[in-house]
Protein chains: 2
Amino acid sequence: MKKGYCPIDTFIQSIKGKRKGTIILHLFIEKRRYNELAKLMPDISERMLSKQLKELEEDLLIQKTIYPEVPPRVEYSLTNLGKEIQPVLKSMFRAGIHLEKQMEK
Amino acid sequence: MKKGYCPIDTFIQSIKGKRKGTIILHLFIEKRRYNELAKLMPDISERMLSKQLKELEEDLLIQKTIYPEVPPRVEYSLTNLGKEIQPVLKSMFRAGIHLEKQMEK
DNA sequence: CAGCATCCGTGAGGATACTG
DNA sequence: CAGTATCCTCACGGATGCTG
């Protein structure tokens, strides 16, 4: 991961990628397979999804478990680091609802 | 402001611009003039700074007060909406420190 | 099933110079 | 002092197709 100019910048960089917030939100609930995530977020292309997943993995926020089966099975879940930012993401979610209400006016 | 795919996305969009987090952080402390902000963040070009300020203003997170003096004086401060997201930004700051510690390993 | 490869458009953001 | 204007570059992200 790249360190930002200040801590808040670092944090934003790690979660600002396309739909990263939503991905983490889904993984809060439970671990998910690649295709499950793809179906949960139809608006994001598969190329983008795999790219974001890889970045989140490199940033140590999520991890994947590969089961050597046929057909292949891969499950994504939060790392401990990822779980630790859960309350922050939740308050961001709430703040987002608040911002959207303001936009209506 | 643009509404995102979900609230957390909306929130991220409103603060992900270049150094926006830092700008808001500075305005938490006290209202600032344009040049003060520029000096506090030497890494951002003036063009970028004025652009980010304008966007934050359009998103109703900050406001500016223009004093009809010579030389001109303009002060930027947080709106009520901006103040309301303060705790969120603060926890993002703390999380950022945490992420940076992990990066060292 | 879970992806990567390739090609490509758009816009975020940088550098520099100018103005009311 | 507090910005705008102009130009330019590069990486974010889209679309489509292929593979272990």
# chains A, B, ... in the order shown; residues from 1 in each chain; ligands from 1
$ interface_residues --of "chain B" --to "chain A" --cutoff "8 Å" --atoms "only C-alpha atoms" --output "VMD selection string"
chain B and resid 1 3 6 to 13 16 19 21 to 22 81 85 88 to 89 91 to 97 99 to 100 103
$ write_last_selection --atoms "N, CA and C atoms" --output "tab-separated table (two decimals), in the first residue's frame"
chain	number	residue	atom	x	y	z
B	1	MET	N	-23.39	17.31	-5.66
B	1	MET	CA	-22.62	16.08	-5.37
B	1	MET	C	-23.27	14.91	-6.11
B	3	LYS	N	-24.53	11.12	-6.20
B	3	LYS	CA	-24.91	10.02	-5.34
B	3	LYS	C	-24.23	8.74	-5.83
B	6	CYS	N	-24.05	3.20	-3.27
B	6	CYS	CA	-24.58	2.97	-1.94
B	6	CYS	C	-24.03	4.07	-1.03
B	7	PRO	N	-24.61	4.25	0.15
B	7	PRO	CA	-24.22	5.39	1.00
B	7	PRO	C	-22.71	5.49	1.24
B	8	ILE	N	-22.07	4.36	1.46
B	8	ILE	CA	-20.63	4.43	1.75
B	8	ILE	C	-19.88	4.93	0.53
B	9	ASP	N	-20.37	4.60	-0.63
B	9	ASP	CA	-19.79	5.06	-1.87
B	9	ASP	C	-19.97	6.58	-2.01
B	10	THR	N	-21.18	7.03	-1.68
B	10	THR	CA	-21.46	8.47	-1.72
B	10	THR	C	-20.50	9.23	-0.80
B	11	PHE	N	-20.34	8.70	0.37
B	11	PHE	CA	-19.46	9.37	1.34
B	11	PHE	C	-18.02	9.43	0.83
B	12	ILE	N	-17.54	8.31	0.34
B	12	ILE	CA	-16.16	8.27	-0.15
B	12	ILE	C	-15.97	9.27	-1.29
B	13	GLN	N	-16.93	9.31	-2.19
B	13	GLN	CA	-16.82	10.24	-3.31
B	13	GLN	C	-16.69	11.68	-2.85
B	16	LYS	N	-12.89	11.92	-1.31
B	16	LYS	CA	-11.73	11.23	-1.85
B	16	LYS	C	-10.82	12.13	-2.71
B	19	ARG	N	-6.33	15.56	-1.30
B	19	ARG	CA	-6.14	16.24	-0.03
B	19	ARG	C	-7.41	16.78	0.61
B	21	GLY	N	-9.49	15.31	2.62
B	21	GLY	CA	-9.50	14.93	4.03
B	21	GLY	C	-8.67	15.88	4.86
B	22	THR	N	-7.48	16.18	4.36
B	22	THR	CA	-6.58	17.07	5.09
B	22	THR	C	-7.16	18.48	5.20
B	81	LEU	N	-23.07	20.72	8.12
B	81	LEU	CA	-22.93	19.38	7.55
B	81	LEU	C	-21.48	18.91	7.66
B	85	ILE	N	-19.64	15.48	10.11
B	85	ILE	CA	-18.83	14.31	9.74
B	85	ILE	C	-17.48	14.30	10.46
B	88	VAL	N	-16.40	11.08	12.11
B	88	VAL	CA	-16.06	10.06	11.11
B	88	VAL	C	-14.63	10.28	10.61
B	89	LEU	N	-14.34	11.53	10.27
B	89	LEU	CA	-12.99	11.84	9.80
B	89	LEU	C	-11.95	11.51	10.85
B	91	SER	N	-12.09	9.22	13.19
B	91	SER	CA	-11.85	7.77	13.29
B	91	SER	C	-11.12	7.26	12.06
B	92	MET	N	-11.33	7.92	10.92
B	92	MET	CA	-10.56	7.57	9.73
B	92	MET	C	-9.09	7.90	9.94
B	93	PHE	N	-8.85	9.01	10.58
B	93	PHE	CA	-7.47	9.41	10.88
B	93	PHE	C	-6.79	8.36	11.76
B	94	ARG	N	-7.50	7.95	12.79
B	94	ARG	CA	-6.93	6.95	13.70
B	94	ARG	C	-6.69	5.63	12.97
B	95	ALA	N	-7.64	5.25	12.15
B	95	ALA	CA	-7.48	4.01	11.37
B	95	ALA	C	-6.29	4.11	10.42
B	96	GLY	N	-6.08	5.31	9.89
B	96	GLY	CA	-4.95	5.53	8.98
B	96	GLY	C	-3.63	5.31	9.68
B	97	ILE	N	-3.53	5.79	10.91
B	97	ILE	CA	-2.32	5.57	11.70
B	97	ILE	C	-2.09	4.08	11.88
B	99	LEU	N	-3.18	1.64	9.93
B	99	LEU	CA	-2.77	1.04	8.65
B	99	LEU	C	-1.29	1.31	8.39
B	100	GLU	N	-0.85	2.50	8.69
B	100	GLU	CA	0.55	2.85	8.43
B	100	GLU	C	1.49	2.00	9.28
B	103	MET	N	1.91	-1.27	7.62
B	103	MET	CA	2.72	-1.20	6.41
B	103	MET	C	4.21	-1.35	6.72
$ select_by_dssp --residues "range 11-84 of chain A" --states "strand (DSSP E or B)" --output "list in words"
Arg32, Arg33, Ile62, Gln63, Lys64, Thr65, Ile66, Tyr67, Arg73, Val74, Glu75, Tyr76, Ser77 and Leu78 of chain A
$ write_last_selection --atoms "all heavy atoms" --output "short mmCIF file (atom, residue, chain, number, x, y, z; two decimals), in the first residue's frame"
data_model
loop_
_atom_site.label_atom_id
_atom_site.label_comp_id
_atom_site.auth_asym_id
_atom_site.auth_seq_id
_atom_site.Cartn_x
_atom_site.Cartn_y
_atom_site.Cartn_z
N ARG A 32 -17.31 -14.56 1.21
CA ARG A 32 -18.02 -14.67 -0.06
C ARG A 32 -17.11 -15.24 -1.14
O ARG A 32 -15.92 -15.00 -1.17
CB ARG A 32 -18.45 -13.27 -0.53
CG ARG A 32 -19.53 -12.63 0.33
CD ARG A 32 -20.85 -13.30 0.13
NE ARG A 32 -21.94 -12.54 0.78
CZ ARG A 32 -23.19 -12.96 0.79
NH1 ARG A 32 -23.53 -14.11 0.24
NH2 ARG A 32 -24.12 -12.24 1.38
N ARG A 33 -17.70 -15.93 -2.06
CA ARG A 33 -16.98 -16.41 -3.22
C ARG A 33 -16.98 -15.33 -4.30
O ARG A 33 -17.80 -14.41 -4.26
CB ARG A 33 -17.64 -17.68 -3.76
CG ARG A 33 -17.69 -18.79 -2.72
CD ARG A 33 -18.37 -20.01 -3.25
NE ARG A 33 -17.66 -20.56 -4.41
CZ ARG A 33 -17.94 -21.74 -4.94
NH1 ARG A 33 -18.90 -22.48 -4.43
NH2 ARG A 33 -17.26 -22.18 -5.99
N ILE A 62 -8.25 -7.79 3.12
CA ILE A 62 -8.97 -9.05 2.92
C ILE A 62 -7.98 -10.17 2.61
O ILE A 62 -6.81 -9.91 2.31
CB ILE A 62 -10.01 -8.95 1.77
CG1 ILE A 62 -9.30 -8.88 0.41
CG2 ILE A 62 -10.92 -7.76 1.95
CD1 ILE A 62 -10.26 -8.95 -0.77
N GLN A 63 -8.45 -11.39 2.70
CA GLN A 63 -7.61 -12.53 2.37
C GLN A 63 -8.44 -13.53 1.58
O GLN A 63 -9.67 -13.51 1.67
CB GLN A 63 -7.09 -13.20 3.65
CG GLN A 63 -8.22 -13.71 4.53
CD GLN A 63 -7.75 -13.97 5.95
OE1 GLN A 63 -6.58 -14.21 6.19
NE2 GLN A 63 -8.69 -13.93 6.90
N LYS A 64 -7.78 -14.35 0.79
CA LYS A 64 -8.57 -15.35 0.09
C LYS A 64 -8.07 -16.75 0.42
O LYS A 64 -6.88 -16.98 0.64
CB LYS A 64 -8.59 -15.12 -1.41
CG LYS A 64 -7.29 -15.21 -2.14
CD LYS A 64 -7.58 -15.00 -3.64
CE LYS A 64 -6.31 -15.04 -4.47
NZ LYS A 64 -6.62 -14.81 -5.90
N THR A 65 -9.04 -17.66 0.47
CA THR A 65 -8.74 -19.05 0.73
C THR A 65 -9.08 -19.84 -0.51
O THR A 65 -10.20 -19.75 -1.03
CB THR A 65 -9.59 -19.57 1.91
OG1 THR A 65 -9.52 -18.63 2.97
CG2 THR A 65 -9.08 -20.91 2.38
N ILE A 66 -8.11 -20.56 -1.01
CA ILE A 66 -8.32 -21.33 -2.24
C ILE A 66 -8.49 -22.80 -1.89
O ILE A 66 -7.62 -23.39 -1.23
CB ILE A 66 -7.13 -21.15 -3.20
CG1 ILE A 66 -6.93 -19.68 -3.53
CG2 ILE A 66 -7.36 -21.96 -4.47
CD1 ILE A 66 -5.70 -19.38 -4.35
N TYR A 67 -9.60 -23.37 -2.32
CA TYR A 67 -9.84 -24.79 -2.09
C TYR A 67 -9.49 -25.55 -3.36
O TYR A 67 -10.05 -25.26 -4.42
CB TYR A 67 -11.30 -25.03 -1.72
CG TYR A 67 -11.69 -24.34 -0.42
CD1 TYR A 67 -12.17 -23.03 -0.43
CD2 TYR A 67 -11.55 -24.99 0.80
CE1 TYR A 67 -12.51 -22.38 0.75
CE2 TYR A 67 -11.91 -24.36 1.98
CZ TYR A 67 -12.39 -23.06 1.95
OH TYR A 67 -12.73 -22.42 3.11
N ARG A 73 -12.75 -23.33 -6.07
CA ARG A 73 -13.53 -22.53 -5.13
C ARG A 73 -12.59 -21.60 -4.38
O ARG A 73 -11.56 -22.03 -3.87
CB ARG A 73 -14.26 -23.45 -4.14
CG ARG A 73 -15.15 -22.71 -3.16
CD ARG A 73 -16.23 -23.63 -2.59
NE ARG A 73 -15.67 -24.70 -1.78
CZ ARG A 73 -15.63 -24.67 -0.44
NH1 ARG A 73 -16.13 -23.64 0.21
NH2 ARG A 73 -15.11 -25.66 0.24
N VAL A 74 -12.94 -20.33 -4.38
CA VAL A 74 -12.13 -19.32 -3.70
C VAL A 74 -13.04 -18.49 -2.82
O VAL A 74 -14.07 -18.01 -3.29
CB VAL A 74 -11.42 -18.39 -4.71
CG1 VAL A 74 -10.64 -17.31 -3.98
CG2 VAL A 74 -10.51 -19.18 -5.62
N GLU A 75 -12.67 -18.37 -1.56
CA GLU A 75 -13.48 -17.55 -0.66
C GLU A 75 -12.71 -16.35 -0.16
O GLU A 75 -11.55 -16.48 0.24
CB GLU A 75 -13.94 -18.40 0.54
CG GLU A 75 -15.10 -19.32 0.17
CD GLU A 75 -15.52 -20.18 1.35
OE1 GLU A 75 -14.79 -20.21 2.37
OE2 GLU A 75 -16.55 -20.83 1.25
N TYR A 76 -13.37 -15.21 -0.20
CA TYR A 76 -12.78 -13.98 0.30
C TYR A 76 -13.35 -13.67 1.68
O TYR A 76 -14.54 -13.79 1.91
CB TYR A 76 -13.08 -12.82 -0.65
CG TYR A 76 -12.34 -12.92 -1.96
CD1 TYR A 76 -12.91 -13.56 -3.05
CD2 TYR A 76 -11.06 -12.39 -2.08
CE1 TYR A 76 -12.22 -13.67 -4.25
CE2 TYR A 76 -10.36 -12.50 -3.28
CZ TYR A 76 -10.96 -13.14 -4.36
OH TYR A 76 -10.28 -13.26 -5.53
N SER A 77 -12.45 -13.25 2.58
CA SER A 77 -12.91 -12.87 3.90
C SER A 77 -12.03 -11.74 4.42
O SER A 77 -10.98 -11.44 3.84
CB SER A 77 -12.83 -14.05 4.85
OG SER A 77 -11.50 -14.55 4.89
N LEU A 78 -12.47 -11.11 5.49
CA LEU A 78 -11.71 -10.00 6.06
C LEU A 78 -10.55 -10.53 6.89
O LEU A 78 -10.66 -11.53 7.58
CB LEU A 78 -12.61 -9.14 6.94
CG LEU A 78 -13.73 -8.38 6.23
CD1 LEU A 78 -14.55 -7.61 7.26
CD2 LEU A 78 -13.17 -7.44 5.18
#
$ calpha_fit_and_write --fixed "chain A" --moving "chain B" --output "CSV table (one decimal) with N, CA and C atoms, in the first residue's frame"
chain,number,residue,atom,x,y,z
B,1,MET,N,0.8,-1.2,0.0
B,1,MET,CA,-0.1,0.0,0.0
B,1,MET,C,0.8,1.3,0.0
B,2,LYS,N,0.3,2.4,-0.5
B,2,LYS,CA,1.0,3.6,-0.5
B,2,LYS,C,0.7,4.5,0.7
B,3,LYS,N,1.7,5.0,1.3
B,3,LYS,CA,1.4,5.9,2.4
B,3,LYS,C,1.1,7.2,1.9
B,4,GLY,N,0.1,7.8,2.5
B,4,GLY,CA,-0.4,9.1,2.0
B,4,GLY,C,0.4,10.3,2.6
B,5,TYR,N,-0.1,11.5,2.4
B,5,TYR,CA,0.6,12.7,3.0
B,5,TYR,C,0.3,12.8,4.5
B,6,CYS,N,-0.8,12.2,4.9
B,6,CYS,CA,-1.2,12.2,6.3
B,6,CYS,C,-2.1,10.9,6.5
B,7,PRO,N,-2.2,10.5,7.8
B,7,PRO,CA,-3.0,9.3,8.0
B,7,PRO,C,-4.3,9.2,7.3
B,8,ILE,N,-5.1,10.3,7.4
B,8,ILE,CA,-6.4,10.3,6.8
B,8,ILE,C,-6.3,10.0,5.3
B,9,ASP,N,-5.3,10.5,4.7
B,9,ASP,CA,-5.0,10.4,3.3
B,9,ASP,C,-4.7,8.9,3.0
B,10,THR,N,-3.9,8.3,3.8
B,10,THR,CA,-3.5,6.9,3.7
B,10,THR,C,-4.8,6.0,3.8
B,11,PHE,N,-5.6,6.3,4.7
B,11,PHE,CA,-6.8,5.5,4.9
B,11,PHE,C,-7.7,5.7,3.6
B,12,ILE,N,-7.9,6.9,3.2
B,12,ILE,CA,-8.8,7.1,2.0
B,12,ILE,C,-8.2,6.3,0.8
B,13,GLN,N,-7.0,6.4,0.6
B,13,GLN,CA,-6.4,5.7,-0.5
B,13,GLN,C,-6.6,4.2,-0.5
B,14,SER,N,-6.7,3.7,0.7
B,14,SER,CA,-6.8,2.2,0.8
B,14,SER,C,-8.3,1.8,0.5
B,15,ILE,N,-9.2,2.7,0.6
B,15,ILE,CA,-10.6,2.3,0.4
B,15,ILE,C,-11.3,3.0,-0.7
B,16,LYS,N,-10.6,3.9,-1.4
B,16,LYS,CA,-11.3,4.7,-2.4
B,16,LYS,C,-11.5,4.1,-3.7
B,17,GLY,N,-10.9,3.0,-4.0
B,17,GLY,CA,-11.0,2.3,-5.3
B,17,GLY,C,-12.5,1.9,-5.6
B,18,LYS,N,-12.7,1.6,-6.9
B,18,LYS,CA,-14.1,1.4,-7.3
B,18,LYS,C,-14.8,0.3,-6.5
B,19,ARG,N,-15.8,0.7,-5.8
B,19,ARG,CA,-16.7,-0.2,-5.0
B,19,ARG,C,-15.9,-0.9,-3.8
B,20,LYS,N,-14.8,-0.5,-3.4
B,20,LYS,CA,-14.1,-1.1,-2.4
B,20,LYS,C,-14.8,-1.1,-1.1
B,21,GLY,N,-15.4,0.0,-0.8
B,21,GLY,CA,-16.2,0.1,0.4
B,21,GLY,C,-17.3,-0.9,0.5
B,22,THR,N,-18.0,-1.0,-0.7
B,22,THR,CA,-19.1,-2.0,-0.7
B,22,THR,C,-18.6,-3.4,-0.6
B,23,ILE,N,-17.5,-3.7,-1.2
B,23,ILE,CA,-16.9,-5.0,-1.1
B,23,ILE,C,-16.7,-5.4,0.3
B,24,ILE,N,-16.0,-4.5,1.0
B,24,ILE,CA,-15.7,-4.7,2.5
B,24,ILE,C,-17.0,-4.9,3.3
B,25,LEU,N,-18.0,-4.1,2.9
B,25,LEU,CA,-19.2,-4.1,3.6
B,25,LEU,C,-19.9,-5.5,3.5
B,26,HIS,N,-19.8,-6.1,2.3
B,26,HIS,CA,-20.4,-7.4,2.0
B,26,HIS,C,-19.6,-8.4,2.8
B,27,LEU,N,-18.3,-8.3,2.9
B,27,LEU,CA,-17.5,-9.3,3.6
B,27,LEU,C,-17.6,-9.1,5.1
B,28,PHE,N,-18.2,-8.0,5.6
B,28,PHE,CA,-18.5,-7.9,7.0
B,28,PHE,C,-19.5,-9.0,7.4
B,29,ILE,N,-20.5,-9.1,6.5
B,29,ILE,CA,-21.6,-10.0,6.8
B,29,ILE,C,-21.2,-11.4,6.8
B,30,GLU,N,-20.5,-11.8,5.7
B,30,GLU,CA,-19.9,-13.2,5.7
B,30,GLU,C,-18.9,-13.3,4.6
B,31,LYS,N,-18.1,-14.3,4.7
B,31,LYS,CA,-17.2,-14.6,3.6
B,31,LYS,C,-17.9,-14.9,2.3
B,32,ARG,N,-17.3,-14.5,1.2
B,32,ARG,CA,-18.0,-14.7,-0.1
B,32,ARG,C,-17.1,-15.2,-1.2
B,33,ARG,N,-17.7,-15.9,-2.1
B,33,ARG,CA,-17.0,-16.4,-3.3
B,33,ARG,C,-17.0,-15.3,-4.3
B,34,TYR,N,-16.1,-15.5,-5.2
B,34,TYR,CA,-15.9,-14.5,-6.3
B,34,TYR,C,-17.2,-14.2,-7.0
B,35,ASN,N,-17.9,-15.3,-7.4
B,35,ASN,CA,-19.1,-15.1,-8.2
B,35,ASN,C,-20.2,-14.5,-7.4
B,36,GLU,N,-20.3,-14.8,-6.1
B,36,GLU,CA,-21.3,-14.2,-5.2
B,36,GLU,C,-21.1,-12.7,-5.2
B,37,LEU,N,-19.9,-12.3,-5.1
B,37,LEU,CA,-19.6,-10.8,-5.0
B,37,LEU,C,-20.0,-10.2,-6.4
B,38,ALA,N,-19.7,-10.9,-7.5
B,38,ALA,CA,-20.0,-10.4,-8.8
B,38,ALA,C,-21.5,-10.2,-8.9
B,39,LYS,N,-22.3,-11.1,-8.4
B,39,LYS,CA,-23.7,-11.0,-8.5
B,39,LYS,C,-24.3,-9.9,-7.5
B,40,LEU,N,-23.6,-9.8,-6.4
B,40,LEU,CA,-24.1,-8.7,-5.5
B,40,LEU,C,-23.8,-7.3,-6.0
B,41,MET,N,-22.8,-7.2,-6.9
B,41,MET,CA,-22.5,-5.9,-7.5
B,41,MET,C,-22.5,-6.0,-9.0
B,42,PRO,N,-23.7,-6.0,-9.6
B,42,PRO,CA,-23.8,-6.2,-11.1
B,42,PRO,C,-23.2,-5.0,-11.8
B,43,ASP,N,-23.0,-3.9,-11.1
B,43,ASP,CA,-22.6,-2.6,-11.8
B,43,ASP,C,-21.1,-2.6,-12.1
B,44,ILE,N,-20.4,-3.5,-11.5
B,44,ILE,CA,-18.9,-3.5,-11.7
B,44,ILE,C,-18.5,-4.7,-12.6
B,45,SER,N,-17.6,-4.3,-13.5
B,45,SER,CA,-17.1,-5.4,-14.4
B,45,SER,C,-16.3,-6.4,-13.7
B,46,GLU,N,-16.1,-7.6,-14.3
B,46,GLU,CA,-15.4,-8.6,-13.6
B,46,GLU,C,-13.9,-8.2,-13.5
B,47,ARG,N,-13.4,-7.6,-14.6
B,47,ARG,CA,-12.0,-7.2,-14.5
B,47,ARG,C,-11.8,-6.2,-13.4
B,48,MET,N,-12.7,-5.3,-13.2
B,48,MET,CA,-12.6,-4.3,-12.1
B,48,MET,C,-12.7,-5.0,-10.7
B,49,LEU,N,-13.6,-5.9,-10.6
B,49,LEU,CA,-13.8,-6.7,-9.4
B,49,LEU,C,-12.5,-7.4,-9.0
B,50,SER,N,-12.0,-8.1,-9.9
B,50,SER,CA,-10.8,-8.9,-9.5
B,50,SER,C,-9.6,-8.0,-9.2
B,51,LYS,N,-9.6,-6.8,-9.9
B,51,LYS,CA,-8.5,-5.9,-9.6
B,51,LYS,C,-8.7,-5.3,-8.2
B,52,GLN,N,-9.9,-4.9,-7.9
B,52,GLN,CA,-10.1,-4.3,-6.5
B,52,GLN,C,-9.8,-5.4,-5.4
B,53,LEU,N,-10.2,-6.6,-5.7
B,53,LEU,CA,-10.0,-7.7,-4.7
B,53,LEU,C,-8.5,-7.9,-4.5
B,54,LYS,N,-7.8,-7.8,-5.6
B,54,LYS,CA,-6.3,-8.0,-5.5
B,54,LYS,C,-5.7,-6.9,-4.7
B,55,GLU,N,-6.1,-5.7,-5.0
B,55,GLU,CA,-5.6,-4.5,-4.3
B,55,GLU,C,-5.9,-4.6,-2.8
B,56,LEU,N,-7.1,-5.0,-2.5
B,56,LEU,CA,-7.5,-5.1,-1.0
B,56,LEU,C,-6.7,-6.2,-0.4
B,57,GLU,N,-6.4,-7.2,-1.1
B,57,GLU,CA,-5.6,-8.3,-0.6
B,57,GLU,C,-4.1,-7.8,-0.3
B,58,GLU,N,-3.6,-7.1,-1.3
B,58,GLU,CA,-2.3,-6.5,-1.1
B,58,GLU,C,-2.2,-5.5,0.1
B,59,ASP,N,-3.3,-4.8,0.3
B,59,ASP,CA,-3.4,-3.9,1.4
B,59,ASP,C,-3.7,-4.6,2.7
B,60,LEU,N,-3.7,-5.9,2.7
B,60,LEU,CA,-3.9,-6.7,3.9
B,60,LEU,C,-5.3,-6.5,4.6
B,61,LEU,N,-6.3,-6.0,3.8
B,61,LEU,CA,-7.6,-5.8,4.4
B,61,LEU,C,-8.5,-7.1,4.2
B,62,ILE,N,-8.2,-7.8,3.1
B,62,ILE,CA,-9.0,-9.1,2.9
B,62,ILE,C,-8.0,-10.2,2.6
B,63,GLN,N,-8.4,-11.4,2.7
B,63,GLN,CA,-7.6,-12.5,2.3
B,63,GLN,C,-8.4,-13.5,1.6
B,64,LYS,N,-7.8,-14.4,0.8
B,64,LYS,CA,-8.6,-15.4,0.1
B,64,LYS,C,-8.1,-16.8,0.4
B,65,THR,N,-9.1,-17.7,0.5
B,65,THR,CA,-8.8,-19.1,0.7
B,65,THR,C,-9.1,-19.9,-0.5
B,66,ILE,N,-8.1,-20.6,-1.0
B,66,ILE,CA,-8.4,-21.4,-2.2
B,66,ILE,C,-8.5,-22.8,-1.8
B,67,TYR,N,-9.7,-23.4,-2.3
B,67,TYR,CA,-9.9,-24.8,-2.0
B,67,TYR,C,-9.6,-25.6,-3.3
B,68,PRO,N,-8.7,-26.6,-3.2
B,68,PRO,CA,-8.2,-27.3,-4.4
B,68,PRO,C,-9.3,-28.3,-4.9
B,69,GLU,N,-10.4,-27.7,-5.4
B,69,GLU,CA,-11.5,-28.6,-5.8
B,69,GLU,C,-11.7,-28.4,-7.3
B,70,VAL,N,-12.5,-29.2,-7.9
B,70,VAL,CA,-13.0,-29.0,-9.3
B,70,VAL,C,-14.5,-29.1,-9.2
B,71,PRO,N,-15.2,-28.0,-9.6
B,71,PRO,CA,-14.6,-26.7,-10.0
B,71,PRO,C,-14.0,-25.9,-8.9
B,72,PRO,N,-13.1,-25.1,-9.2
B,72,PRO,CA,-12.3,-24.3,-8.1
B,72,PRO,C,-13.2,-23.5,-7.2
B,73,ARG,N,-12.8,-23.4,-6.0
B,73,ARG,CA,-13.6,-22.6,-5.1
B,73,ARG,C,-12.6,-21.6,-4.3
B,74,VAL,N,-13.0,-20.4,-4.3
B,74,VAL,CA,-12.2,-19.3,-3.7
B,74,VAL,C,-13.1,-18.5,-2.8
B,75,GLU,N,-12.7,-18.4,-1.6
B,75,GLU,CA,-13.5,-17.6,-0.6
B,75,GLU,C,-12.7,-16.3,-0.2
B,76,TYR,N,-13.4,-15.2,-0.2
B,76,TYR,CA,-12.8,-14.0,0.3
B,76,TYR,C,-13.3,-13.6,1.7
B,77,SER,N,-12.5,-13.2,2.6
B,77,SER,CA,-12.9,-12.9,3.9
B,77,SER,C,-12.0,-11.7,4.4
B,78,LEU,N,-12.5,-11.1,5.5
B,78,LEU,CA,-11.7,-10.0,6.0
B,78,LEU,C,-10.5,-10.5,6.9
B,79,THR,N,-9.4,-9.8,6.8
B,79,THR,CA,-8.3,-10.1,7.8
B,79,THR,C,-8.7,-9.4,9.1
B,80,ASN,N,-7.8,-9.7,10.1
B,80,ASN,CA,-8.0,-9.0,11.3
B,80,ASN,C,-7.9,-7.5,11.1
B,81,LEU,N,-7.0,-7.0,10.3
B,81,LEU,CA,-6.9,-5.6,10.0
B,81,LEU,C,-8.2,-5.1,9.4
B,82,GLY,N,-8.7,-5.9,8.5
B,82,GLY,CA,-10.0,-5.5,7.8
B,82,GLY,C,-11.1,-5.4,8.8
B,83,LYS,N,-11.1,-6.3,9.7
B,83,LYS,CA,-12.2,-6.3,10.8
B,83,LYS,C,-12.1,-5.1,11.7
B,84,GLU,N,-10.8,-4.6,11.9
B,84,GLU,CA,-10.6,-3.5,12.8
B,84,GLU,C,-11.2,-2.2,12.2
B,85,ILE,N,-11.3,-2.1,10.9
B,85,ILE,CA,-11.8,-0.8,10.4
B,85,ILE,C,-13.3,-0.9,10.2
B,86,GLN,N,-13.9,-2.0,10.6
B,86,GLN,CA,-15.4,-2.1,10.5
B,86,GLN,C,-16.1,-0.9,11.1
B,87,PRO,N,-15.9,-0.6,12.3
B,87,PRO,CA,-16.7,0.6,12.9
B,87,PRO,C,-16.5,1.8,12.1
B,88,VAL,N,-15.3,2.0,11.5
B,88,VAL,CA,-15.1,3.3,10.7
B,88,VAL,C,-16.0,3.2,9.5
B,89,LEU,N,-16.0,2.1,8.8
B,89,LEU,CA,-16.8,1.9,7.6
B,89,LEU,C,-18.3,2.1,7.9
B,90,LYS,N,-18.7,1.6,9.1
B,90,LYS,CA,-20.1,1.7,9.5
B,90,LYS,C,-20.5,3.2,9.7
B,91,SER,N,-19.6,3.9,10.3
B,91,SER,CA,-19.9,5.3,10.5
B,91,SER,C,-19.9,6.1,9.2
B,92,MET,N,-19.0,5.6,8.3
B,92,MET,CA,-19.0,6.3,7.0
B,92,MET,C,-20.3,6.0,6.3
B,93,PHE,N,-20.8,4.8,6.4
B,93,PHE,CA,-22.1,4.4,5.8
B,93,PHE,C,-23.2,5.3,6.3
B,94,ARG,N,-23.2,5.5,7.6
B,94,ARG,CA,-24.3,6.3,8.2
B,94,ARG,C,-24.1,7.8,7.8
B,95,ALA,N,-22.9,8.2,7.7
B,95,ALA,CA,-22.7,9.6,7.2
B,95,ALA,C,-23.1,9.8,5.8
B,96,GLY,N,-22.9,8.7,5.0
B,96,GLY,CA,-23.3,8.7,3.6
B,96,GLY,C,-24.8,8.9,3.5
B,97,ILE,N,-25.6,8.2,4.3
B,97,ILE,CA,-27.0,8.3,4.3
B,97,ILE,C,-27.4,9.7,4.6
B,98,HIS,N,-26.7,10.3,5.5
B,98,HIS,CA,-26.9,11.7,5.9
B,98,HIS,C,-26.7,12.6,4.8
B,99,LEU,N,-25.6,12.4,4.1
B,99,LEU,CA,-25.2,13.3,2.9
B,99,LEU,C,-26.3,13.2,1.8
B,100,GLU,N,-26.7,12.0,1.6
B,100,GLU,CA,-27.7,11.7,0.5
B,100,GLU,C,-29.0,12.5,0.9
B,101,LYS,N,-29.4,12.5,2.1
B,101,LYS,CA,-30.6,13.3,2.5
B,101,LYS,C,-30.4,14.8,2.2
B,102,GLN,N,-29.2,15.3,2.5
B,102,GLN,CA,-29.0,16.7,2.2
B,102,GLN,C,-29.1,17.0,0.7
B,103,MET,N,-28.6,16.0,-0.1
B,103,MET,CA,-28.6,16.2,-1.6
B,103,MET,C,-30.0,16.4,-2.1
B,104,GLU,N,-31.0,15.8,-1.4
B,104,GLU,CA,-32.4,15.9,-1.9
B,104,GLU,C,-33.0,17.3,-1.9
B,105,LYS,N,-32.4,18.0,-0.9
B,105,LYS,CA,-33.0,19.4,-0.7
B,105,LYS,C,-32.6,20.3,-1.9
$ select_by_dssp --residues "chain B" --states "helix (DSSP H, G or I)" --output "PyMOL selection string"
chain B and resi 7-15+20-29+34-40+46-58+80-84+86-104
$ closest_residue --among "D:DC18, D:DC7, D:DC12, D:DA2" --to "chain A" --atoms "only C-alpha atoms (C1' of nucleotides)"
D:DC12
$ interface_residues --of "chain D" --to "chain A" --cutoff "9 Å" --atoms "only C-alpha atoms (C1' of nucleotides)" --output "list in words"
DC12, DG13, DG14 and DA15 of chain D
$ interface_residues --of "chain C" --to "chain A" --cutoff "12 Å" --atoms "only C-alpha atoms (C1' of nucleotides)" --output "list in words"
DC1, DA2, DG3, DC4, DA5 and DT6 of chain C
$ atom_distance --atom1 "C1' of DC8 in chain C" --atom2 "C1' of DG20 in chain D"
26.9 Å
